[in-house]
Amino acid sequence: MDYAGVVFLEIIYMIAFLALTSAGLAVVFGMMRVINLAHGEFVMLGGYTTLTCYKAGINIYFAMLIVAPIVVGLFGLIVERLIIRFLYGRMIDTMLATWGLSLFLIGAVTMIFGSSAVNVPTPISGYELGSYQMGGYNLFIIFVAAAVMIGVWCVLRFTRVGLIARGAMQNADVASSLGYNPRTVYMITFTAGAALSGLAGGVLAPLTGLLPTSGGAYIAKAFITIVTGGAAVIAGTVSSSVIFGVISQVVSFASTPVIGEIAMLALAIVLLRLMPQGITGRFFKNST
Amino acid sequence: MITAWRSIGGVRWGWFIAFALVLLLLPLVYETHTPTVLLIWALFALSLGFMWGYAGILSFGHSAYFGLGAYVYAIAAVNIGESTLPLILAVFIPACVAAVIGAMMFYGRISDVYMGVMTLVVSLIMFKFMNATAGDQYAIGAARLGGFNGMPGFPTLNVPGAPHISLWGVPTYYVCAVSLLICYLLCRWILARSFGRVLLGIRENETRCELLGYNVPACKTAIFTISAAMAGLSGCFFANWAEIVTPSVFSLQTSSDVIIWSMVGGVGTLIGPILGAMALGMVKLLLGQQTLINNFLVFGFILIVVVLAMPRGVIPSIQYWWGNRSRRSRVPSNGGRARRRLTVKPAERS
């Protein structure tokens, strides 16, 4: 019974992990049809921001929940102004430029922080579930992921900003003829996406440890999650996070974590072959 | 014989022979260890650049076929003990894998971005799998896969039919150089066939090609397979050069390197990826010798700048600039010819 509880919590944690790391990429891809291959490095930057703040003596929750999103969001704004805005409508070029950016950031962080792994201490201690020792911090991540998903959904659904964003997403020409400059909408969207990535990086930093190359671990999973999810930001991310989280953890418990990860990637290929428009291209069509 | 040579359209024989002579005479004046790996990378970049530039298919995980070539060669060489059959297998097996994956993608009519994800995921699966194969239970025949540490100590290339005469140093260099030249001519030959024309048509407008009655998915699968076979060959040579195969041949860095080389050299030409791989490969080796500047930083910066400022790449930009210059000087005397040349797209004039 305890074991079932452990498996259940691990599955929920995996779903939360996928949803949290994909949220920033999903906002940018869903709204702008721009694939940001430097997304993993944005997450990594969030982690390093948290680390730097923590070392400077700032409260760790303040660092990961407030400072990391702001710093990475501002960085995203700079990137959008310097690189992305010249490449709208050129999807492959955007992917290549952001890939270049990702390499550039790996190099820069390696030169600044060194290439060895560093850790941020976990602020929440573990607890016992029957005879199993569980990480209490996992629950915090599940909570943050749920809050982010609900928060983004509410913003898109109920606020004027969200309405404009959804309008620009559906038809940029109409939005622009109604007086909303799509370029400004894109700029804000990209900044928001970067901020969400920074938040994910900050929150996950105590759990995963930090390496300059750790962005690579996020980008592949985030990439398949949002692409399999399809165009709808929230419904797509949540549905594919659930599918991949369940498959990956169930297979991991049945064999090894590596096989679990491979099963997840293989499933992504099959799903894309069956549903080239993603899950929300076929189901939940009118969702956000 | 003459018609056979003529049928390889678009080769500028003067340049080709000059390039070949430089390659073949280089061992007389320089050591061959570094030039060999540059040739191998050039072959790898040619395999990607050919597919990307002429059929418009960009694989974000071409390291899958490069690495597969390297591993297939190593596994087969350990089991068989000589190199001829392993070499053939190292071309054949990546081609078969690519045919299956390509058919799955292209018959499924998957768009560009989704295709990028799929190719990337395939290379990631192989990378993760190979990293996890430490231990005795992961062995194919006599070959232990070795996980993260890779597979050392397999027999390197030997003279076909004479397993005791192994090739190393200068002969390996010549094998790589001649293979590169042959693959270049093969690409040119394919492009001169009607199949090559269809590929260009697919690159320009897939729907129109399909409506004209060509079997687009079959053509794309074929070019993907050919490209993977070439990547497998370069992987096999790389295994021989390094004398060890590690999972890093499947890594994201290998994929990104080859994309950067092709992109910087010039997509839409064949010589662009070759020269790009050689020049940037050299830069990579030089940067590897120092610790002051991280080479990711340099290559990332190069890629961003090229995408923003020179999206066609260096070689086509030079050709375009050169063509403009000579055209301007010809306009007064030969206006008709100049106008005709204007209609030729710069990308095709390689």
# chains A, B, ... in the order shown; residues from 1 in each chain; ligands from 1

$ select_by_dssp --residues "segment 27-193 of chain A" --states "alpha helix (DSSP H)" --output "VMD selection string"
chain A and resid 27 to 32 39 to 55 60 to 62 68 to 82 91 to 113 136 to 158 160 to 170 172 to 177 182 to 193

$ interface_residues --of "chain A" --to "chain B" --cutoff "8 Å" --atoms "only C-alpha atoms" --output "mmCIF file with N, CA and C atoms, in the first residue's frame"
data_model
loop_
_atom_site.group_PDB
_atom_site.id
_atom_site.type_symbol
_atom_site.label_atom_id
_atom_site.label_comp_id
_atom_site.auth_asym_id
_atom_site.auth_seq_id
_atom_site.Cartn_x
_atom_site.Cartn_y
_atom_site.Cartn_z
ATOM 1 N N ILE A 83 17.449 39.281 -31.259
ATOM 2 C CA ILE A 83 17.521 38.136 -32.187
ATOM 3 C C ILE A 83 16.153 37.779 -32.755
ATOM 4 N N PHE A 86 13.805 39.609 -35.559
ATOM 5 C CA PHE A 86 14.174 39.651 -36.971
ATOM 6 C C PHE A 86 13.753 38.382 -37.701
ATOM 7 N N LEU A 87 13.330 37.393 -36.963
ATOM 8 C CA LEU A 87 13.162 36.068 -37.556
ATOM 9 C C LEU A 87 11.722 35.568 -37.524
ATOM 10 N N MET A 91 10.617 29.877 -39.372
ATOM 11 C CA MET A 91 10.637 28.940 -38.257
ATOM 12 C C MET A 91 11.987 28.234 -38.103
ATOM 13 N N ILE A 92 12.497 27.696 -39.214
ATOM 14 C CA ILE A 92 13.750 26.941 -39.122
ATOM 15 C C ILE A 92 14.891 27.867 -38.706
ATOM 16 N N ASP A 93 14.908 29.097 -39.266
ATOM 17 C CA ASP A 93 15.957 30.035 -38.875
ATOM 18 C C ASP A 93 15.868 30.371 -37.398
ATOM 19 N N LEU A 96 17.383 27.587 -35.490
ATOM 20 C CA LEU A 96 18.844 27.591 -35.577
ATOM 21 C C LEU A 96 19.445 28.702 -34.722
ATOM 22 N N ALA A 97 18.854 29.897 -34.797
ATOM 23 C CA ALA A 97 19.412 31.008 -34.021
ATOM 24 C C ALA A 97 19.302 30.731 -32.533
ATOM 25 N N THR A 98 18.156 30.166 -32.096
ATOM 26 C CA THR A 98 18.032 29.903 -30.663
ATOM 27 C C THR A 98 18.935 28.734 -30.244
ATOM 28 N N TRP A 99 19.186 27.826 -31.187
ATOM 29 C CA TRP A 99 20.160 26.768 -30.869
ATOM 30 C C TRP A 99 21.537 27.399 -30.647
ATOM 31 N N GLY A 100 21.888 28.342 -31.525
ATOM 32 C CA GLY A 100 23.141 29.071 -31.336
ATOM 33 C C GLY A 100 23.163 29.772 -29.994
ATOM 34 N N LEU A 101 22.040 30.388 -29.641
ATOM 35 C CA LEU A 101 21.943 31.073 -28.355
ATOM 36 C C LEU A 101 22.150 30.096 -27.206
ATOM 37 N N SER A 102 21.582 28.897 -27.353
ATOM 38 C CA SER A 102 21.714 27.918 -26.273
ATOM 39 C C SER A 102 23.186 27.535 -26.089
ATOM 40 N N LEU A 103 23.902 27.317 -27.204
ATOM 41 C CA LEU A 103 25.332 26.995 -27.089
ATOM 42 C C LEU A 103 26.092 28.159 -26.456
ATOM 43 N N PHE A 104 25.727 29.374 -26.904
ATOM 44 C CA PHE A 104 26.385 30.571 -26.387
ATOM 45 C C PHE A 104 26.211 30.665 -24.871
ATOM 46 N N LEU A 105 24.982 30.395 -24.397
ATOM 47 C CA LEU A 105 24.722 30.503 -22.958
ATOM 48 C C LEU A 105 25.465 29.427 -22.184
ATOM 49 N N ILE A 106 25.507 28.198 -22.748
ATOM 50 C CA ILE A 106 26.269 27.140 -22.079
ATOM 51 C C ILE A 106 27.721 27.592 -21.907
ATOM 52 N N GLY A 107 28.285 28.136 -23.005
ATOM 53 C CA GLY A 107 29.669 28.601 -22.943
ATOM 54 C C GLY A 107 29.850 29.714 -21.937
ATOM 55 N N ALA A 108 28.935 30.690 -21.958
ATOM 56 C CA ALA A 108 29.073 31.837 -21.059
ATOM 57 C C ALA A 108 28.974 31.403 -19.605
ATOM 58 N N THR A 110 29.534 28.440 -18.363
ATOM 59 C CA THR A 110 30.716 27.666 -18.003
ATOM 60 C C THR A 110 31.873 28.586 -17.649
ATOM 61 N N MET A 111 32.028 29.676 -18.410
ATOM 62 C CA MET A 111 33.151 30.574 -18.139
ATOM 63 C C MET A 111 32.944 31.340 -16.838
ATOM 64 N N ALA A 220 14.743 18.550 -24.303
ATOM 65 C CA ALA A 220 14.160 17.450 -25.065
ATOM 66 C C ALA A 220 12.777 17.112 -24.533
ATOM 67 N N PHE A 223 10.327 19.944 -25.183
ATOM 68 C CA PHE A 223 10.072 19.961 -26.610
ATOM 69 C C PHE A 223 9.006 18.930 -26.993
ATOM 70 N N ILE A 224 9.208 17.669 -26.589
ATOM 71 C CA ILE A 224 8.231 16.649 -26.981
ATOM 72 C C ILE A 224 6.908 16.881 -26.274
ATOM 73 N N VAL A 227 5.121 19.810 -28.243
ATOM 74 C CA VAL A 227 4.801 19.471 -29.633
ATOM 75 C C VAL A 227 3.727 18.396 -29.675
ATOM 76 N N VAL A 258 16.375 4.735 -17.130
ATOM 77 C CA VAL A 258 16.801 4.997 -18.506
ATOM 78 C C VAL A 258 15.788 4.429 -19.495
ATOM 79 N N ILE A 259 15.350 3.201 -19.225
ATOM 80 C CA ILE A 259 14.346 2.593 -20.109
ATOM 81 C C ILE A 259 13.062 3.418 -20.069
ATOM 82 N N ILE A 262 13.558 6.329 -22.316
ATOM 83 C CA ILE A 262 13.526 5.901 -23.717
ATOM 84 C C ILE A 262 12.093 5.600 -24.143
ATOM 85 N N LEU A 265 10.387 8.824 -24.947
ATOM 86 C CA LEU A 265 10.796 9.397 -26.234
ATOM 87 C C LEU A 265 10.195 8.602 -27.394
ATOM 88 N N ALA A 266 10.213 7.262 -27.256
ATOM 89 C CA ALA A 266 9.655 6.436 -28.331
ATOM 90 C C ALA A 266 8.162 6.698 -28.478
ATOM 91 N N ILE A 269 7.469 9.740 -30.531
ATOM 92 C CA ILE A 269 7.550 9.529 -31.982
ATOM 93 C C ILE A 269 6.250 8.922 -32.494
ATOM 94 N N LEU A 272 3.401 11.463 -32.425
ATOM 95 C CA LEU A 272 3.512 12.466 -33.485
ATOM 96 C C LEU A 272 3.145 11.879 -34.835
ATOM 97 N N ARG A 273 3.485 10.600 -35.020
ATOM 98 C CA ARG A 273 3.131 9.956 -36.281
ATOM 99 C C ARG A 273 1.615 9.806 -36.411
ATOM 100 N N LEU A 274 0.968 9.467 -35.275
ATOM 101 C CA LEU A 274 -0.483 9.265 -35.313
ATOM 102 C C LEU A 274 -1.228 10.589 -35.340
ATOM 103 N N PRO A 276 -0.206 14.251 -36.150
ATOM 104 C CA PRO A 276 0.807 15.254 -36.522
ATOM 105 C C PRO A 276 0.466 16.651 -36.014
#

$ residues_around --residues "Pro212 of chain A" --least-positions-apart "3" --cutoff "10 Å" --atoms "only C-alpha atoms" --output "PDB file with C-alpha atoms, in the first residue's frame"
ATOM      1  CA  GLU A  41      19.240  27.276 -20.974  1.00  0.00           C
ATOM      2  CA  MET A  44      19.290  26.740 -16.302  1.00  0.00           C
ATOM      3  CA  LEU A  45      19.731  30.517 -15.954  1.00  0.00           C
ATOM      4  CA  TYR A  48      21.897  29.955 -11.422  1.00  0.00           C
ATOM      5  CA  LEU A 105      24.722  30.503 -22.958  1.00  0.00           C
ATOM      6  CA  ILE A 106      26.269  27.140 -22.079  1.00  0.00           C
ATOM      7  CA  GLY A 107      29.669  28.601 -22.943  1.00  0.00           C
ATOM      8  CA  ALA A 108      29.073  31.837 -21.059  1.00  0.00           C
ATOM      9  CA  VAL A 109      27.817  30.115 -17.895  1.00  0.00           C
ATOM     10  CA  THR A 110      30.716  27.666 -18.003  1.00  0.00           C
ATOM     11  CA  MET A 111      33.151  30.574 -18.139  1.00  0.00           C
ATOM     12  CA  ILE A 112      31.436  32.431 -15.294  1.00  0.00           C
ATOM     13  CA  PHE A 113      30.466  29.636 -12.892  1.00  0.00           C
ATOM     14  CA  GLY A 114      32.810  26.826 -13.944  1.00  0.00           C
ATOM     15  CA  SER A 115      31.826  23.453 -15.309  1.00  0.00           C
ATOM     16  CA  SER A 116      31.414  21.544 -12.047  1.00  0.00           C
ATOM     17  CA  ALA A 117      28.017  20.728 -10.587  1.00  0.00           C
ATOM     18  CA  VAL A 118      26.733  22.962  -7.785  1.00  0.00           C
ATOM     19  CA  GLY A 215      19.529  22.763 -20.003  1.00  0.00           C
ATOM     20  CA  GLY A 216      19.836  19.822 -22.384  1.00  0.00           C
TER      21      GLY A 216
END

$ residues_around --residues "Met95 of chain A" --least-positions-apart "5" --cutoff "9 Å" --atoms "only C-alpha atoms" --output "list in words"
Val34, Ile35, Asn36, Leu37, Ala38, Arg90 and Gly100 of chain A; Val113 of chain B

$ write_last_selection --atoms "C-alpha atoms" --output "PDB file, in the first residue's frame"
ATOM      1  CA  VAL A  34       8.272  30.107 -32.364  1.00  0.00           C
ATOM      2  CA  ILE A  35      10.306  27.176 -31.099  1.00  0.00           C
ATOM      3  CA  ASN A  36      12.860  28.409 -28.623  1.00  0.00           C
ATOM      4  CA  LEU A  37      15.654  25.846 -28.506  1.00  0.00           C
ATOM      5  CA  ALA A  38      17.427  27.922 -25.843  1.00  0.00           C
ATOM      6  CA  ARG A  90      11.119  31.954 -40.463  1.00  0.00           C
ATOM      7  CA  GLY A 100      23.141  29.071 -31.336  1.00  0.00           C
TER       8      GLY A 100
ATOM      9  CA  VAL B 113       9.042  21.417 -37.004  1.00  0.00           C
TER      10      VAL B 113
END

$ select_by_dssp --residues "segment 92-236 of chain B" --states "strand (DSSP E)" --output "ChimeraX atom specification"
/B:139-140,143-144,151-152,158-159,162-166
